[in-house]
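Worksheet: one structure, shown below.
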Amino acid sequence: MKTTVLDASALLAMLFGEPGVEEMRVLFHKAAAADKPLLITAVNWAEVLNRVTRKQGGNGLTTVRQLAANGPLHIVPVDAELADTAAAYKAADQLGLADAFAAALAKSRKAELVTADREFKSVESEIKIIWLK
């Protein structure tokens, strides 16, 4: 299994039963079976926590934190190098800031990026994008 980065839309699809939910469940199962983490930046994680809290309140927040603690999800802290790459994506007006961090992590780890967000079309020539359907 290749190194995989999730953007917020991918994880939210799974949590909220949106299109791509089955693909995400399979991905989580494969990652757990291979003992291979699914990466998400702390910025994208904050986006997930915000959306879950707004939509489901404290119960949803508890559930998503348990998923992170017990599943293959690994939250990657942001450092200066990642911030520099994300800023370049943002400055080029290709992506929103949180999406720029997901793209920066995928680029730095030479990873696939799983997303449901069509905004990533702008970086598809640089990063392998796995589109949720």
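Just remember, in the structure tokens the first chain shown is A, the second B, etc., residues are 1-based per chain, and ligands are 1-based in the order shown.
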
Would you list, as a ChimeraX atom specification, the residues of chain A that end up in strand (DSSP E or B) under DSSP run on this structure's backbone?
/A:4-6,38-41,73-76,112-115,129-131

Could I get the residues of region 86-123 of chain A with an atom no further than 12 Å from an atom of region 18-23 of chain A, each paired with its nearest atom pair and that distance in Å to one decimal, using only C-alpha atoms, sorted by chain and residue number, as JSON lines?
```
{"residue": "A:Val114", "atom": "CA", "partner": "A:Glu23", "partner_atom": "CA", "distance": 10.0}
{"residue": "A:Thr115", "atom": "CA", "partner": "A:Gly20", "partner_atom": "CA", "distance": 9.0}
{"residue": "A:Ala116", "atom": "CA", "partner": "A:Gly20", "partner_atom": "CA", "distance": 7.5}
{"residue": "A:Asp117", "atom": "CA", "partner": "A:Gly20", "partner_atom": "CA", "distance": 11.3}
```

Using the chain letters and numbers from this document, which residues of chain A does DSSP assign to helix (DSSP H, G or I), as a ChimeraX atom specification?
/A:8-16,21-34,42-70,80-91,97-109,118-123

As a list of chain:residue names, please: the residues near Glu47 (chain A) (cut-off 8 Å, only C-alpha atoms, same-chain neighbours under 3 positions excluded).
A:Ala8, A:Val43, A:Asn44, A:Asn50, A:Arg51, A:Ala98

I need the chosen residues saved as a short mmCIF file (atom, residue, chain, number, x, y, z; two decimals), in the first residue's frame, with all heavy atoms.
```
data_model
loop_
_atom_site.label_atom_id
_atom_site.label_comp_id
_atom_site.auth_asym_id
_atom_site.auth_seq_id
_atom_site.Cartn_x
_atom_site.Cartn_y
_atom_site.Cartn_z
N ALA A 8 -9.48 16.86 4.28
CA ALA A 8 -10.66 16.85 5.16
C ALA A 8 -11.88 16.26 4.47
O ALA A 8 -12.64 15.50 5.08
CB ALA A 8 -10.95 18.25 5.67
N VAL A 43 -3.73 20.79 10.27
CA VAL A 43 -4.63 21.81 9.74
C VAL A 43 -5.90 21.17 9.21
O VAL A 43 -7.02 21.62 9.51
CB VAL A 43 -3.93 22.64 8.64
CG1 VAL A 43 -4.91 23.62 7.99
CG2 VAL A 43 -2.73 23.38 9.21
N ASN A 44 -5.76 20.10 8.43
CA ASN A 44 -6.94 19.40 7.90
C ASN A 44 -7.72 18.72 9.02
O ASN A 44 -8.95 18.64 8.97
CB ASN A 44 -6.53 18.40 6.83
CG ASN A 44 -5.86 19.08 5.66
OD1 ASN A 44 -4.64 19.00 5.52
ND2 ASN A 44 -6.61 19.77 4.83
N ASN A 50 -13.81 20.79 13.35
CA ASN A 50 -14.76 21.89 13.28
C ASN A 50 -16.07 21.46 12.63
O ASN A 50 -17.15 21.72 13.17
CB ASN A 50 -14.13 23.05 12.49
CG ASN A 50 -15.11 24.18 12.28
OD1 ASN A 50 -15.65 24.75 13.22
ND2 ASN A 50 -15.35 24.51 11.03
N ARG A 51 -15.97 20.79 11.49
CA ARG A 51 -17.20 20.36 10.78
C ARG A 51 -18.00 19.36 11.60
O ARG A 51 -19.23 19.41 11.64
CB ARG A 51 -16.84 19.78 9.42
CG ARG A 51 -16.31 20.77 8.42
CD ARG A 51 -17.37 21.54 7.64
NE ARG A 51 -18.36 20.74 7.00
CZ ARG A 51 -18.23 20.12 5.82
NH1 ARG A 51 -17.10 20.22 5.14
NH2 ARG A 51 -19.22 19.42 5.32
N ALA A 98 -6.18 25.28 3.84
CA ALA A 98 -6.18 23.92 4.39
C ALA A 98 -5.85 22.90 3.30
O ALA A 98 -5.05 21.98 3.52
CB ALA A 98 -7.52 23.60 5.04
#
```

Contacts of region 71-85 of chain A at 12 Å (only C-alpha atoms; same-chain gap of 2+ positions) as a ChimeraX atom specification
/A:3-8,11,24-25,27-46,48,63-69,87-92,95,97-109

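Rounded to one decimal, CA of Lys133 (chain A) and CA of Arg118 (chain A) lie 11.0 Å from each other.
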
One decimal, in Å: what's the spacing between CA of Glu112 (chain A) and CA of Lys128 (chain A)?
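CA of Lys128 (chain A) lies 4.9 Å from CA of Glu112 (chain A).
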